[in-house]
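What follows is the content of model-v1.pdb, which has PDB, C-alpha atoms (C1' of nucleotides):
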```pdb
ATOM      1  CA  MET A   1     -57.049  -8.177  26.061
ATOM      2  CA  GLN A   2     -53.755  -7.980  24.247
ATOM      3  CA  LEU A   3     -51.791  -5.422  22.228
ATOM      4  CA  ALA A   4     -49.247  -6.693  19.747
ATOM      5  CA  THR A   5     -46.826  -5.520  17.085
ATOM      6  CA  TRP A   6     -44.976  -7.313  14.292
ATOM      7  CA  ASN A   7     -42.731  -6.057  11.524
ATOM      8  CA  LEU A   8     -43.402  -8.656   8.805
ATOM      9  CA  ASN A   9     -40.759  -7.563   6.252
ATOM     10  CA  SER A  10     -43.169  -8.291   3.371
ATOM     11  CA  LEU A  11     -46.753  -9.332   4.046
ATOM     12  CA  ARG A  12     -46.813 -11.180   0.700
ATOM     13  CA  VAL A  13     -44.083 -13.557   1.858
ATOM     14  CA  ARG A  14     -45.196 -13.765   5.477
ATOM     15  CA  LEU A  15     -49.005 -14.121   5.129
ATOM     16  CA  PRO A  16     -48.948 -17.837   6.096
ATOM     17  CA  HIS A  17     -46.864 -17.019   9.190
ATOM     18  CA  LEU A  18     -49.212 -14.188  10.092
ATOM     19  CA  LEU A  19     -52.367 -16.318   9.746
ATOM     20  CA  ASP A  20     -50.847 -19.137  11.817
ATOM     21  CA  TRP A  21     -49.809 -16.696  14.528
ATOM     22  CA  LEU A  22     -53.155 -14.850  14.546
ATOM     23  CA  ALA A  23     -55.009 -18.139  15.028
ATOM     24  CA  GLU A  24     -53.382 -18.380  18.455
ATOM     25  CA  GLN A  25     -54.216 -14.823  19.527
ATOM     26  CA  SER A  26     -57.398 -14.064  21.429
ATOM     27  CA  ASP A  27     -58.964 -10.607  21.741
ATOM     28  CA  SER A  28     -56.214  -8.363  20.381
ATOM     29  CA  VAL A  29     -55.267  -5.259  18.496
ATOM     30  CA  VAL A  30     -52.245  -5.956  16.299
ATOM     31  CA  GLY A  31     -50.010  -3.387  14.610
ATOM     32  CA  LEU A  32     -48.132  -4.544  11.508
ATOM     33  CA  GLN A  33     -45.193  -2.875   9.767
ATOM     34  CA  GLU A  34     -43.191  -3.209   6.543
ATOM     35  CA  LEU A  35     -46.056  -4.657   4.526
ATOM     36  CA  LYS A  36     -44.198  -3.652   1.308
ATOM     37  CA  MET A  37     -47.556  -3.849  -0.422
ATOM     38  CA  ALA A  38     -50.125  -1.446  -1.872
ATOM     39  CA  ASP A  39     -53.591  -1.409  -0.275
ATOM     40  CA  GLU A  40     -55.130  -2.904  -3.453
ATOM     41  CA  GLU A  41     -53.098  -6.065  -2.855
ATOM     42  CA  PHE A  42     -53.827  -6.370   0.870
ATOM     43  CA  PRO A  43     -55.336  -9.776   1.772
ATOM     44  CA  PHE A  44     -58.502  -8.378   3.416
ATOM     45  CA  GLU A  45     -60.485 -11.498   2.544
ATOM     46  CA  ALA A  46     -58.055 -14.018   4.063
ATOM     47  CA  LEU A  47     -57.955 -11.983   7.256
ATOM     48  CA  ARG A  48     -61.732 -11.516   7.372
ATOM     49  CA  ASP A  49     -62.164 -15.270   6.956
ATOM     50  CA  ALA A  50     -59.817 -15.705   9.923
ATOM     51  CA  GLY A  51     -61.944 -13.321  12.001
ATOM     52  CA  TRP A  52     -59.871 -10.136  11.767
ATOM     53  CA  GLN A  53     -60.783  -6.648  10.617
ATOM     54  CA  ALA A  54     -57.981  -4.705   8.980
ATOM     55  CA  VAL A  55     -57.243  -1.070   8.193
ATOM     56  CA  THR A  56     -54.201  -0.324   6.084
ATOM     57  CA  ASN A  57     -51.810   2.387   4.983
ATOM     58  CA  GLY A  58     -49.860   0.477   2.375
ATOM     59  CA  GLN A  59     -47.064   1.280  -0.036
ATOM     60  CA  LYS A  60     -45.436  -0.670  -2.848
ATOM     61  CA  THR A  61     -41.912  -2.030  -2.163
ATOM     62  CA  TYR A  62     -41.197  -0.120   1.055
ATOM     63  CA  ASN A  63     -42.843   0.677   4.387
ATOM     64  CA  GLY A  64     -46.599   0.165   4.799
ATOM     65  CA  VAL A  65     -48.460  -0.307   8.096
ATOM     66  CA  ALA A  66     -51.760  -1.783   9.259
ATOM     67  CA  LEU A  67     -53.941  -2.436  12.282
ATOM     68  CA  LEU A  68     -55.830  -5.686  12.852
ATOM     69  CA  ALA A  69     -58.532  -6.340  15.435
ATOM     70  CA  ARG A  70     -61.253  -8.834  16.122
ATOM     71  CA  ARG A  71     -63.617  -5.936  16.823
ATOM     72  CA  PRO A  72     -64.409  -2.915  14.595
ATOM     73  CA  LEU A  73     -61.652  -0.360  14.003
ATOM     74  CA  GLU A  74     -63.049   3.154  13.833
ATOM     75  CA  ASP A  75     -61.938   6.782  13.457
ATOM     76  CA  VAL A  76     -59.042   5.669  11.243
ATOM     77  CA  GLN A  77     -56.253   8.170  10.584
ATOM     78  CA  ARG A  78     -53.450   7.568   8.080
ATOM     79  CA  ASP A  79     -50.052   9.326   8.228
ATOM     80  CA  ILE A  80     -49.130  12.243  10.492
ATOM     81  CA  PRO A  81     -51.619  15.068   9.828
ATOM     82  CA  GLY A  82     -49.973  18.148   8.350
ATOM     83  CA  PHE A  83     -46.692  16.335   7.613
ATOM     84  CA  ASP A  84     -46.123  15.895   3.894
ATOM     85  CA  ASP A  85     -44.274  12.558   3.912
ATOM     86  CA  PRO A  86     -44.632  10.138   0.980
ATOM     87  CA  GLN A  87     -43.495   7.206   3.159
ATOM     88  CA  LYS A  88     -46.376   5.239   4.675
ATOM     89  CA  ARG A  89     -45.335   4.780   8.290
ATOM     90  CA  VAL A  90     -48.334   5.548  10.512
ATOM     91  CA  ILE A  91     -51.919   4.399  10.942
ATOM     92  CA  ALA A  92     -54.206   5.002  13.926
ATOM     93  CA  GLY A  93     -57.584   3.568  14.842
ATOM     94  CA  THR A  94     -59.974   3.183  17.736
ATOM     95  CA  VAL A  95     -61.286  -0.107  19.123
ATOM     96  CA  ASP A  96     -63.923   0.467  21.803
ATOM     97  CA  ASP A  97     -62.326   3.060  24.121
ATOM     98  CA  LEU A  98     -58.774   2.269  23.059
ATOM     99  CA  ARG A  99     -56.777   4.408  20.597
ATOM    100  CA  VAL A 100     -53.986   2.454  18.897
ATOM    101  CA  VAL A 101     -51.217   3.738  16.622
ATOM    102  CA  SER A 102     -49.104   1.375  14.477
ATOM    103  CA  VAL A 103     -45.781   2.984  13.529
ATOM    104  CA  TYR A 104     -42.732   2.137  11.458
ATOM    105  CA  VAL A 105     -40.045   4.654  12.426
ATOM    106  CA  PRO A 106     -37.364   5.328   9.774
ATOM    107  CA  ASN A 107     -34.252   3.177  10.050
ATOM    108  CA  GLY A 108     -31.700   5.957   9.660
ATOM    109  CA  GLN A 109     -29.099   3.846   7.803
ATOM    110  CA  SER A 110     -26.024   5.273   9.560
ATOM    111  CA  VAL A 111     -25.324   8.087  12.002
ATOM    112  CA  ASP A 112     -25.060  11.477  10.276
ATOM    113  CA  SER A 113     -26.351  10.173   6.941
ATOM    114  CA  GLN A 114     -29.159  12.008   5.150
ATOM    115  CA  LYS A 115     -31.535   9.233   6.276
ATOM    116  CA  TYR A 116     -30.386   9.678   9.881
ATOM    117  CA  HIS A 117     -31.376  13.336   9.851
ATOM    118  CA  TYR A 118     -34.695  12.410   8.231
ATOM    119  CA  LYS A 119     -35.205   9.943  11.086
ATOM    120  CA  LEU A 120     -34.542  12.565  13.767
ATOM    121  CA  ASP A 121     -36.792  15.127  12.044
ATOM    122  CA  TRP A 122     -39.447  12.462  11.607
ATOM    123  CA  LEU A 123     -39.352  11.566  15.316
ATOM    124  CA  GLN A 124     -39.866  15.255  16.184
ATOM    125  CA  ARG A 125     -42.987  15.364  13.994
ATOM    126  CA  PHE A 126     -44.176  12.079  15.432
ATOM    127  CA  ALA A 127     -43.693  13.385  18.985
ATOM    128  CA  ALA A 128     -45.896  16.419  18.307
ATOM    129  CA  TYR A 129     -48.538  14.168  16.728
ATOM    130  CA  LEU A 130     -48.502  11.762  19.691
ATOM    131  CA  ALA A 131     -48.853  14.626  22.152
ATOM    132  CA  GLU A 132     -52.046  15.665  20.323
ATOM    133  CA  GLU A 133     -53.335  12.092  20.193
ATOM    134  CA  ALA A 134     -52.698  11.712  23.922
ATOM    135  CA  GLU A 135     -54.735  14.830  24.679
ATOM    136  CA  ARG A 136     -57.625  13.536  22.612
ATOM    137  CA  HIS A 137     -57.406   9.911  23.769
ATOM    138  CA  PRO A 138     -56.577   9.160  27.423
ATOM    139  CA  ARG A 139     -56.271   5.445  26.630
ATOM    140  CA  LEU A 140     -53.537   5.571  23.975
ATOM    141  CA  ALA A 141     -51.276   2.733  22.825
ATOM    142  CA  VAL A 142     -48.458   3.205  20.316
ATOM    143  CA  VAL A 143     -47.063  -0.049  18.960
ATOM    144  CA  GLY A 144     -44.494  -0.694  16.289
ATOM    145  CA  ASP A 145     -40.953  -0.887  15.027
ATOM    146  CA  PHE A 146     -39.281   2.188  16.521
ATOM    147  CA  ASN A 147     -35.839   1.376  15.167
ATOM    148  CA  VAL A 148     -34.357   2.500  18.486
ATOM    149  CA  ALA A 149     -32.892   0.282  21.202
ATOM    150  CA  PRO A 150     -33.626   2.449  24.252
ATOM    151  CA  LEU A 151     -30.938   1.090  26.588
ATOM    152  CA  PRO A 152     -27.468  -0.444  26.216
ATOM    153  CA  GLU A 153     -28.831  -3.752  27.524
ATOM    154  CA  ASP A 154     -31.333  -3.775  24.657
ATOM    155  CA  THR A 155     -28.474  -4.910  22.421
ATOM    156  CA  HIS A 156     -26.479  -8.151  22.513
ATOM    157  CA  ASP A 157     -23.205  -6.184  22.520
ATOM    158  CA  PRO A 158     -23.645  -2.763  24.144
ATOM    159  CA  GLU A 159     -20.036  -1.713  23.562
ATOM    160  CA  ALA A 160     -20.124  -2.560  19.867
ATOM    161  CA  TRP A 161     -23.508  -0.871  19.329
ATOM    162  CA  GLU A 162     -22.919   2.229  21.459
ATOM    163  CA  GLY A 163     -23.198   5.326  19.293
ATOM    164  CA  HIS A 164     -24.140   3.347  16.194
ATOM    165  CA  ILE A 165     -27.406   3.531  14.295
ATOM    166  CA  LEU A 166     -30.432   2.482  16.424
ATOM    167  CA  CYS A 167     -28.407   3.222  19.567
ATOM    168  CA  SER A 168     -27.040   6.745  19.155
ATOM    169  CA  GLY A 169     -27.702   9.372  21.826
ATOM    170  CA  PRO A 170     -29.848  11.626  19.601
ATOM    171  CA  GLU A 171     -32.053   8.685  18.562
ATOM    172  CA  ARG A 172     -32.544   7.543  22.144
ATOM    173  CA  GLU A 173     -33.257  11.104  23.247
ATOM    174  CA  ALA A 174     -35.730  11.600  20.404
ATOM    175  CA  LEU A 175     -37.647   8.473  21.413
ATOM    176  CA  ARG A 176     -37.610   9.411  25.080
ATOM    177  CA  GLY A 177     -38.715  12.939  24.156
ATOM    178  CA  ALA A 178     -41.638  11.613  22.128
ATOM    179  CA  MET A 179     -42.704   9.382  25.007
ATOM    180  CA  GLU A 180     -42.474  12.210  27.538
ATOM    181  CA  ALA A 181     -44.329  14.654  25.289
ATOM    182  CA  ALA A 182     -47.235  12.221  25.065
ATOM    183  CA  GLY A 183     -47.031  10.790  28.594
ATOM    184  CA  LEU A 184     -46.273   7.283  27.330
ATOM    185  CA  SER A 185     -44.286   4.576  29.057
ATOM    186  CA  ASP A 186     -42.773   1.349  27.771
ATOM    187  CA  ALA A 187     -44.858  -1.719  28.713
ATOM    188  CA  PHE A 188     -41.582  -3.647  28.893
ATOM    189  CA  GLU A 189     -40.608  -1.630  31.950
ATOM    190  CA  ARG A 190     -43.831  -2.484  33.772
ATOM    191  CA  VAL A 191     -42.949  -6.163  34.138
ATOM    192  CA  PRO A 192     -40.004  -8.127  35.567
ATOM    193  CA  THR A 193     -37.212  -8.295  32.997
ATOM    194  CA  PRO A 194     -37.939 -11.303  30.780
ATOM    195  CA  GLU A 195     -35.294 -13.840  29.818
ATOM    196  CA  GLN A 196     -35.734 -12.986  26.130
ATOM    197  CA  ARG A 197     -35.981  -9.283  25.357
ATOM    198  CA  TYR A 198     -34.745  -9.042  21.767
ATOM    199  CA  THR A 199     -37.306  -8.482  19.001
ATOM    200  CA  TRP A 200     -35.017  -8.377  15.932
ATOM    201  CA  TRP A 201     -32.053 -10.478  14.781
ATOM    202  CA  ASP A 202     -29.893  -9.910  11.716
ATOM    203  CA  TYR A 203     -30.466 -12.411   8.911
ATOM    204  CA  ARG A 204     -26.717 -12.403   8.357
ATOM    205  CA  ALA A 205     -24.068 -14.230  10.338
ATOM    206  CA  ALA A 206     -26.665 -16.574  11.915
ATOM    207  CA  GLY A 207     -27.877 -13.726  14.120
ATOM    208  CA  PHE A 208     -30.910 -15.577  15.451
ATOM    209  CA  ARG A 209     -29.206 -18.896  16.135
ATOM    210  CA  ARG A 210     -26.533 -17.021  18.120
ATOM    211  CA  ASN A 211     -29.168 -14.711  19.695
ATOM    212  CA  LEU A 212     -27.395 -11.583  18.490
ATOM    213  CA  GLY A 213     -30.481  -9.424  18.795
ATOM    214  CA  LEU A 214     -31.830  -5.981  19.561
ATOM    215  CA  ARG A 215     -34.990  -4.757  21.310
ATOM    216  CA  ILE A 216     -36.386  -2.221  18.844
ATOM    217  CA  ASP A 217     -40.110  -3.122  18.671
ATOM    218  CA  HIS A 218     -42.099  -1.517  21.442
ATOM    219  CA  VAL A 219     -45.538  -1.183  23.023
ATOM    220  CA  LEU A 220     -45.894   2.289  24.552
ATOM    221  CA  LEU A 221     -48.869   3.066  26.782
ATOM    222  CA  SER A 222     -50.527   6.084  28.372
ATOM    223  CA  ALA A 223     -50.846   6.006  32.165
ATOM    224  CA  PRO A 224     -54.368   4.511  32.382
ATOM    225  CA  LEU A 225     -53.254   1.587  30.202
ATOM    226  CA  SER A 226     -49.811   1.266  31.726
ATOM    227  CA  GLU A 227     -51.400   0.402  35.067
ATOM    228  CA  ARG A 228     -53.199  -2.514  33.439
ATOM    229  CA  VAL A 229     -50.103  -4.300  32.061
ATOM    230  CA  GLU A 230     -50.043  -7.954  33.109
ATOM    231  CA  SER A 231     -47.332  -9.347  30.861
ATOM    232  CA  TRP A 232     -44.890  -8.607  28.049
ATOM    233  CA  ARG A 233     -43.600 -11.304  25.739
ATOM    234  CA  VAL A 234     -41.838 -11.863  22.436
ATOM    235  CA  ASP A 235     -42.979 -14.898  20.417
ATOM    236  CA  LEU A 236     -39.919 -16.688  19.057
ATOM    237  CA  GLU A 237     -41.753 -19.451  17.160
ATOM    238  CA  PRO A 238     -42.370 -17.437  13.969
ATOM    239  CA  ARG A 239     -38.692 -16.433  13.877
ATOM    240  CA  ARG A 240     -37.741 -20.129  13.799
ATOM    241  CA  LEU A 241     -39.813 -20.929  10.688
ATOM    242  CA  GLU A 242     -38.552 -21.186   7.103
ATOM    243  CA  ARG A 243     -38.228 -17.728   5.505
ATOM    244  CA  PRO A 244     -39.008 -15.813   8.703
ATOM    245  CA  SER A 245     -39.321 -12.079   9.153
ATOM    246  CA  ASP A 246     -36.208 -10.709  10.843
ATOM    247  CA  HIS A 247     -38.526  -9.384  13.596
ATOM    248  CA  ALA A 248     -40.560 -11.463  16.060
ATOM    249  CA  PRO A 249     -44.020 -10.426  17.282
ATOM    250  CA  VAL A 250     -44.268  -8.683  20.657
ATOM    251  CA  ALA A 251     -47.454  -8.964  22.723
ATOM    252  CA  VAL A 252     -48.590  -7.181  25.892
ATOM    253  CA  THR A 253     -51.609  -8.348  27.870
ATOM    254  CA  LEU A 254     -53.775  -5.811  29.681
ATOM    255  CA  ALA A 255     -56.138  -6.509  32.585
TER
ATOM    256  C1'  DA B   1     -13.901  -1.371   8.265
ATOM    257  C1'  DT B   2     -16.543  -4.715   5.618
ATOM    258  C1'  DG B   3     -19.756  -8.217   4.788
ATOM    259  C1'  DG B   4     -22.639 -11.505   6.079
ATOM    260  C1'  DC B   5     -28.943 -12.211   4.293
ATOM    261  C1'  DA B   6     -33.486 -11.061   2.540
ATOM    262  C1'  DT B   7     -36.892  -8.459  -0.316
ATOM    263  C1'  DT B   8     -38.201  -5.793  -4.180
ATOM    264  C1'  DA B   9     -38.165  -3.967  -8.879
ATOM    265  C1'  DT B  10     -38.724   0.352 -15.229
ATOM    266  C1'  DG B  11     -35.089  -6.977 -12.523
ATOM    267  C1'  DC B  12     -30.187 -10.817 -13.139
ATOM    268  C1'  DT B  13     -27.684  -5.533 -10.336
ATOM    269  C1'  DA B  14     -28.787  -2.129  -7.080
ATOM    270  C1'  DA B  15     -31.147  -0.081  -3.203
ATOM    271  C1'  DT B  16     -32.658  -0.759   1.346
ATOM    272  C1'  DG B  17     -32.948  -2.592   5.753
ATOM    273  C1'  DA B  18     -31.004  -2.546  11.104
TER
END
```
Encoded form using structure tokens:
Amino acid sequence: MQLATWNLNSLRVRLPHLLDWLAEQSDSVVGLQELKMADEEFPFEALRDAGWQAVTNGQKTYNGVALLARRPLEDVQRDIPGFDDPQKRVIAGTVDDLRVVSVYVPNGQSVDSQKYHYKLDWLQRFAAYLAEEAERHPRLAVVGDFNVAPLPEDTHDPEAWEGHILCSGPEREALRGAMEAAGLSDAFERVPTPEQRYTWWDYRAAGFRRNLGLRIDHVLLSAPLSERVESWRVDLEPRRLERPSDHAPVAVTLA
DNA sequence: ATGGCATTATGCTAATGA
């Protein structure tokens, strides 16, 4: 089976891309981010017709996350319990014996901005939540847009990005701390380094054509799942289409 | 250092993203 994640940057605009991409995916659980759409508008019917169940935590204009699966999604949890946050960034569900979380971590705007501190606080809350989820669910997968490039080589220009938003020390430490607290490891690190590792490219300055990308979308796995990783890939085809999302889908296959 | 491009909305300018 396969675990995947895709920040769509508007489900309304990207629904045709999503349906085309889903048609090529076999047994999968897919996390989506940046739906920018309220749950009442979510295209449940189009997805059901395509063979996918969906659970959503939507929001108008900003944020919004979902989980898709070909099999029933149960025990659905929206948001981080006990954290009063109006931004819809988390949804969790269970498919068979697999617990999956779809997350859209705050962007942070710029280092030391108000949004940056919100991001760091948010990651602390998320870490505590993941630690609890990991205790409850030995087979835990956390997929999404983490808005953190973990390593210098996860950017096209490590010197230029060093210390900037998505790459600052506190952000990287917060992500690593969350992973350690929950016993999660990056599926990317379980496979030989692929030729293409970036998952996001700036719309501006022909970022995709020049491959000026970042690796900020991740599939994190608890130990029992980590051992089952067979491959990690980023699908570039949707990024080449007209009016693409600025993110490409990432998929990890498990034995 | 800035903007570059895209999406959305108490819309034609401003906020946000990464």
If we count all atoms listed in the file, what is near A:Arg172 at a cut-off of 12 Å, once residues fewer than 4 positions away on the same chain are taken out, given as a ChimeraX atom specification? /A:119-120,123,146-152,154,162-168,176-179,216
For the provided coordinates, the residues matched by the PyMOL selection byres ((chain B) within 7 of (chain A)) should be stated as a ChimeraX atom specification. /B:4-5,8,18
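Between atom CA of A:Asp145 and atom CA of A:Val29 there is a distance of 15.4 Å.
Between atom CA of A:His156 and atom CA of A:Gly213 lies a distance of 5.6 Å.
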Which centre and which edge lengths, in Å to one decimal, describe the axis-aligned box that holds all listed atoms of stretch 6-17 of chain B after 3 Å is added on each side, as lines of an AutoDock Vina configuration file?
```
center_x = -33.2
center_y = -5.4
center_z = -4.7
size_x = 17.0
size_y = 17.4
size_z = 27.0
```
Using all atoms listed in the file, collect all residues at a distance of at most 9 Å from (-61.0, 1.1, 28.4) as written in the file, then present them as a PyMOL selection string. chain A and resi 96-98+139+224-225
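Taking atom CA of A:Arg99 and atom CA of A:Glu24 as the two end points, the separation is 23.1 Å.
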Measuring between only C-alpha atoms, which one of A:Gln124, A:Asn211, A:Gln196, A:Gln25 shows the shortest distance to A:Pro170? A:Gln124
Show me the residues around (-47.0, 2.8, 4.0) - criterion: an atom at most 6 Å away, all atoms listed in the file counted - as a PyMOL selection string. chain A and resi 57-59+63-65+87-89
Name the residues that the PyMOL selection byres ((chain A and resi 184) around 6) picks from the file above, as a list in words, using the file's chain letters and numbers. Met179, Ala182, Gly183, Ser185, Leu220, Leu221 and Ser222 of chain A
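Considering only C-alpha atoms, the residue among A:Leu19, A:Leu130, A:Val250, A:Leu140 positioned nearest to A:Ala46 is A:Leu19.
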Go through the shown structure with the PyMOL selection byres ((chain A and resi 43) around 12) and write out the matching residues as an MDAnalysis selection string. chainID A and resid 11:16 18:19 35 37:42 44:50 52:56 58 66 68
Where atoms are lacking, stretch 10-38 of chain A completed to N, CA and C atoms, as a compact mmCIF listing (two decimals), in the frame of the given file:
```
# COMPACT_ATOMS: atom_id res chain seq x y z
N SER A 10 -42.41 -7.77 4.52
CA SER A 10 -43.17 -8.29 3.37
C SER A 10 -44.35 -9.16 3.81
N LEU A 11 -45.53 -8.58 3.73
CA LEU A 11 -46.75 -9.33 4.05
C LEU A 11 -47.00 -10.43 3.02
N ARG A 12 -46.60 -10.19 1.76
CA ARG A 12 -46.81 -11.18 0.70
C ARG A 12 -46.11 -12.49 1.08
N VAL A 13 -44.87 -12.37 1.51
CA VAL A 13 -44.08 -13.56 1.86
C VAL A 13 -44.55 -14.16 3.18
N ARG A 14 -44.94 -13.30 4.11
CA ARG A 14 -45.20 -13.76 5.48
C ARG A 14 -46.67 -14.04 5.80
N LEU A 15 -47.58 -13.92 4.82
CA LEU A 15 -49.00 -14.12 5.13
C LEU A 15 -49.28 -15.46 5.82
N PRO A 16 -48.68 -16.57 5.37
CA PRO A 16 -48.95 -17.84 6.10
C PRO A 16 -48.50 -17.78 7.55
N HIS A 17 -47.35 -17.15 7.81
CA HIS A 17 -46.86 -17.02 9.19
C HIS A 17 -47.83 -16.17 10.01
N LEU A 18 -48.30 -15.09 9.38
CA LEU A 18 -49.21 -14.19 10.09
C LEU A 18 -50.51 -14.91 10.45
N LEU A 19 -51.09 -15.64 9.49
CA LEU A 19 -52.37 -16.32 9.75
C LEU A 19 -52.21 -17.38 10.83
N ASP A 20 -51.10 -18.13 10.78
CA ASP A 20 -50.85 -19.14 11.82
C ASP A 20 -50.73 -18.49 13.19
N TRP A 21 -50.02 -17.37 13.24
CA TRP A 21 -49.81 -16.70 14.53
C TRP A 21 -51.12 -16.10 15.05
N LEU A 22 -51.89 -15.47 14.14
CA LEU A 22 -53.16 -14.85 14.55
C LEU A 22 -54.13 -15.88 15.11
N ALA A 23 -54.08 -17.10 14.57
CA ALA A 23 -55.01 -18.14 15.03
C ALA A 23 -54.83 -18.43 16.51
N GLU A 24 -53.65 -18.11 17.04
CA GLU A 24 -53.38 -18.38 18.45
C GLU A 24 -53.61 -17.17 19.35
N GLN A 25 -54.03 -16.04 18.74
CA GLN A 25 -54.22 -14.82 19.53
C GLN A 25 -55.70 -14.61 19.81
N SER A 26 -56.01 -14.35 21.07
CA SER A 26 -57.40 -14.06 21.43
C SER A 26 -57.69 -12.59 21.16
N ASP A 27 -58.55 -12.00 21.94
CA ASP A 27 -58.96 -10.61 21.74
C ASP A 27 -57.74 -9.69 21.71
N SER A 28 -57.46 -9.12 20.55
CA SER A 28 -56.21 -8.36 20.38
C SER A 28 -56.39 -7.21 19.42
N VAL A 29 -55.50 -6.23 19.56
CA VAL A 29 -55.27 -5.26 18.50
C VAL A 29 -53.81 -5.44 18.10
N VAL A 30 -53.58 -5.63 16.80
CA VAL A 30 -52.24 -5.96 16.30
C VAL A 30 -51.80 -4.88 15.32
N GLY A 31 -50.62 -4.31 15.56
CA GLY A 31 -50.01 -3.39 14.61
C GLY A 31 -49.01 -4.14 13.75
N LEU A 32 -49.08 -3.91 12.44
CA LEU A 32 -48.13 -4.54 11.51
C LEU A 32 -47.31 -3.46 10.83
N GLN A 33 -46.07 -3.82 10.46
CA GLN A 33 -45.19 -2.88 9.77
C GLN A 33 -44.45 -3.58 8.63
N GLU A 34 -43.92 -2.75 7.74
CA GLU A 34 -43.19 -3.21 6.54
C GLU A 34 -44.00 -4.22 5.74
N LEU A 35 -45.23 -3.81 5.39
CA LEU A 35 -46.06 -4.66 4.53
C LEU A 35 -45.44 -4.77 3.14
N LYS A 36 -44.79 -3.70 2.65
CA LYS A 36 -44.20 -3.65 1.31
C LYS A 36 -45.23 -4.01 0.25
N MET A 37 -46.42 -3.46 0.40
CA MET A 37 -47.56 -3.85 -0.42
C MET A 37 -48.56 -2.70 -0.50
N ALA A 38 -49.09 -2.47 -1.72
CA ALA A 38 -50.12 -1.45 -1.87
C ALA A 38 -51.44 -1.95 -1.29
```
